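K.L.:
Can you keep this structure in mind? I'll have questions shortly.
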Amino acid sequence: MFARLPRVAVALRQVRSTGVRALSTASASTGSTWARAGAFAAAAGVGAATLAASHDQKPSSCSWFGSKKGNFKVCVCGGSGGIGQPLSLLMSMDENVSELSVYDLTVAMVPPQGVAADLGHLEKKAKVTGYAKQLDQRAIDVLGECLTGCSLVLVPAGMPRKPGQTRDDLFKINAGIAQEVVEACAKYCPNAVVALIVNPVNSVVPAMAELYKKKGLDPKNIVGVTTLDVVRANKFVAEQTGTHPENVQVPVVGGHAGVTILPLFSQDATARKIPADQIPAIDKHVQDAGTDVVNAKNGKGSATLSMAYAGARLGKAVLAGLNGTSTTECAYVMSDVMPGFPYFTSKVTFGKTGVEKVHPLGKLSKHEEARLEEAKAALKKEIQSGLDYAASNNLA
């Protein structure tokens with residue numbers, strides 16, 4: 001059973017309904033451009049997070065409700081951006097978070113110190129502090145206080161893909177952005193789970209994990225956030241079957257882009273009710289959902305709010321595991337579940353040390369078997385790009 005964001009109780013004596021992708025963790029050559037590009041999404045980010053925070057869902061069997069809450073320090077790198085602000089909001093509301101660092105560049109439209117001051121007024125225990133880095137500074141030189149003591153670092157980073165730009169082009173830019181953050185994490189919080197929301201995830205995660213391995217650190221601490229694919233699959237199945245999304249749990253395996261996104265509808269009782277001839281269409285709907293959001297926003301933004309919700313859902317699972325309640329979510333990590341593929345998205349159980357177990361795929365339908373081959377063909381090339389990057393780079 002996957003972890004879910006907790007229901008927000010609404011009562012007379014207690015109202016807790018609260019409710020941008022502009023990382024600014026970029027290099028000097030790209031950082032200011034990134035910050036400007038993300039400004040469109042930043043304006044509307046926090047208000048709509050109300051919907052994610054108050055999503056009415058029952059605790060799953062792996063829920064940590066009723067257990068003693070943890071006191072973990074968490075950092076959101078790119079916390080002033082389109083994903084970062086609502087993600088910071090949701091993490092500051094997590095009862096396992098006692099301290100939250102919000103980090104971004106000084107050129108961000110909203111100073112991270114301002115985001116921290118805003119979140120500091122919530123009726124939650126988390127102490128929120130903002131940290132900013134100038135373009136000509138190195139993260140490893142200035143983020144000691146920000147990252148020291150962190151158990152979880154969420155990284156909604158990088159530049160969005162522009163029209164006509166290939167994933168390889170995007171990777172060349174965003175790998176450098178991710179490396180700067182990962183390098184600082186390796187120095188100041190080497191045992192933290194580093195959850196990357198940096199596209200193309202299929203290449204960036206292998207690159208950063210292999211760099212961690214070269215540094216002598218645990219590569220499984222580098223986790224690719226693919227939870228949004230699960231969230232979308234669950235919602236689309238619920239809509240098609242007239243079921244509440246809380247009753248749907250569709251594993252999504254493979255990777256986190258296009259055909260590499262493989263929802264296993266056959267492994268969910270509700271999804272199995274959908275006629276076989278309708279499965280290809282809903283499968284494609286999950287694959288193309290990000291493009292649907294970009295089109296609906298008329299090119300002025302991407303999936304920021306739903307991504308923040310999904311990132312917080314994974315973050316909550318990680319913290320629940322660290323706090324002693326093993327919790328399972330789909331994630332893109334180093335594994336051996338698929339021969340010949342050192343990185344693969346599958347169900348991952350998080351425990352007291354982070355990644356506790358990577359689960360096998362299980363039985364697939366004929367449609368899913370065919371799709372798996374398609375996904376593997378695309379994923380293999382993208383993983384190799386990451387491995388090549390790591391072979392020619394090192395962490396400081």
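Naming scheme: A, B, ... for chains in displayed order of the structure tokens; residues 1 onward per chain; ligands 1 onward as shown.
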Report as CSV: every residue of segment 171-256 of chain A with an atom at most 12 Å from segment 363-370 of chain A, its closest pair of atoms, and their distance in Å to one decimal, counting only C-alpha atoms, with rows sorted by chain and ascending residue number.

P.N.:
```
residue,atom,partner,partner_atom,distance
A:Pro251,CA,A:Leu364,CA,11.3
A:Val252,CA,A:Glu368,CA,10.9
A:Val253,CA,A:Glu368,CA,10.4
A:Gly254,CA,A:Glu368,CA,11.1
```

K.L.:
If you run DSSP on the backbone, which residues of segment 80-145 of chain A are strand (DSSP E), as a list in words?

P.N.:
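Strand (DSSP E) assignments inside segment 80-145 of chain A correspond to Val97, Ser98, Glu99, Leu100, Ser101, Val102, Tyr103, Asp104, Leu105, Lys127, Val128, Thr129, Gly130, Tyr131, Ala132 and Lys133 of chain A.
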
K.L.:
For atom CA of Val318 of chain A and atom CA of Gly354 of chain A, quote the distance in Å rounded to one decimal.

P.N.:
6.7 Å

K.L.:
Quick one: residues within 12 Å of Asn323 of chain A, only C-alpha atoms counted, chain neighbours fewer than 4 positions away excluded, as a list in words?

P.N.:
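Non-adjacent residues within range: Ser63, Trp64, Phe65, Ser67, Lys68, Lys69, Gly70, Asn71, Phe72, Glu95, Asn96, Val97, Ser151, Lys316, Ala317, Val318, Leu319, Thr327, Phe350, Gly351, Lys352, Thr353 and Gly354 of chain A.
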
K.L.:
Need the shell around Gln240 of chain A: protein/DNA/RNA residues with any atom at most 12 Å away, counting only C-alpha atoms. Skip same-chain ones fewer than 3 positions apart. Format as a PyMOL selection string?

P.N.:
chain A and resi 233-237+243-245+248+270-275+278-279+281-282+285

K.L.:
Given the selection you just returned, output its residues as a file containing C-alpha atoms, formatted as a PDB file, in the first residue's frame.

P.N.:
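Done, and the output landed in out32.pdb:
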```pdb
ATOM      1  CA  ALA A 233      -2.655   7.149 -12.777  1.00  0.00           C
ATOM      2  CA  ASN A 234      -4.710   6.894  -9.594  1.00  0.00           C
ATOM      3  CA  LYS A 235      -6.744   9.994 -10.418  1.00  0.00           C
ATOM      4  CA  PHE A 236      -7.434   9.013 -14.026  1.00  0.00           C
ATOM      5  CA  VAL A 237      -8.535   5.515 -13.025  1.00  0.00           C
ATOM      6  CA  THR A 243     -14.259   5.661  -7.632  1.00  0.00           C
ATOM      7  CA  HIS A 244     -12.641   7.808  -4.967  1.00  0.00           C
ATOM      8  CA  PRO A 245      -8.899   8.110  -5.696  1.00  0.00           C
ATOM      9  CA  VAL A 248      -6.865   3.268  -6.259  1.00  0.00           C
ATOM     10  CA  THR A 270     -10.201  -0.914  -9.377  1.00  0.00           C
ATOM     11  CA  ALA A 271      -8.146  -0.445 -12.546  1.00  0.00           C
ATOM     12  CA  ARG A 272      -8.771  -4.078 -13.499  1.00  0.00           C
ATOM     13  CA  LYS A 273     -12.425  -3.160 -13.953  1.00  0.00           C
ATOM     14  CA  ILE A 274     -11.527  -1.020 -16.959  1.00  0.00           C
ATOM     15  CA  PRO A 275     -12.130  -2.931 -20.238  1.00  0.00           C
ATOM     16  CA  GLN A 278      -9.591   1.102 -23.005  1.00  0.00           C
ATOM     17  CA  ILE A 279      -6.292   0.530 -21.209  1.00  0.00           C
ATOM     18  CA  ALA A 281      -5.826   5.194 -23.984  1.00  0.00           C
ATOM     19  CA  ILE A 282      -5.565   5.736 -20.235  1.00  0.00           C
ATOM     20  CA  HIS A 285      -3.096   9.761 -20.861  1.00  0.00           C
TER      21      HIS A 285
END
```

K.L.:
Near Leu170 of chain A, within 9 Å and counting only C-alpha atoms, which residues show up once chain neighbours fewer than 3 positions away are dropped, as a list in words?

P.N.:
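Residues meeting the cut-off are Gly158, Met159, Pro160, Arg161, Lys162, Gln165, Thr166, Arg167, Ile173, Asn174, Ala175, Asn199 and Pro200 of chain A.
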
K.L.:
From the list A:Ala378, A:Ala139, A:Ser346, A:Pro206, which residue is nearest Val181 of chain A when using only C-alpha atoms?

P.N.:
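Once distances to Val181 of chain A are computed over only C-alpha atoms, the minimum belongs to A:Ala139.
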
K.L.:
Just to confirm, what's the straight-line distance from atom CA of Cys77 of chain A to atom CA of Ala391 of chain A in Å (one decimal)?

P.N.:
25.2 Å

K.L.:
Write out as a list in words which residues come within 12 Å of Gln113 of chain A when counting only C-alpha atoms, dropping same-chain ones fewer than 3 positions away.

P.N.:
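Once the nearby chain positions are removed, what remains is Gly79, Ser80, Gln85, Leu100, Ser101, Val102, Tyr103, Asp104, Leu105, Thr106, Ala108, Met109, Val110, Ala116, Ala117, Asp118, Leu119, Gly120, Val128, Thr129, Gly130, Tyr131, Ala132 and Lys133 of chain A.
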
K.L.:
Find the residues around Ser306 of chain A up to 9 Å (only C-alpha atoms counted), leave out those fewer than 2 positions away in its own chain, and share them as a PyMOL selection string.

P.N.:
chain A and resi 49+52+83+228+231-232+303-304+308-311

K.L.:
Looking at only C-alpha atoms, which of A:Lys73, A:Asp229, A:Val250, A:Phe265 is the one that sits closest to Asp288 of chain A?

P.N.:
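Comparing A:Lys73, A:Asp229, A:Val250, A:Phe265 against Asp288 of chain A, the winner is A:Asp229.
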
K.L.:
What's the separation between atom CA of Val337 of chain A and atom CA of Lys357 of chain A, in Å to one decimal place?

P.N.:
10.7 Å

K.L.:
When you count only C-alpha atoms, which of these residues is closest to Ala209 of chain A: A:Gln179, A:Asn247, A:Ser88, A:Thr226?

P.N.:
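Under the stated criterion, the closest residue is A:Gln179.
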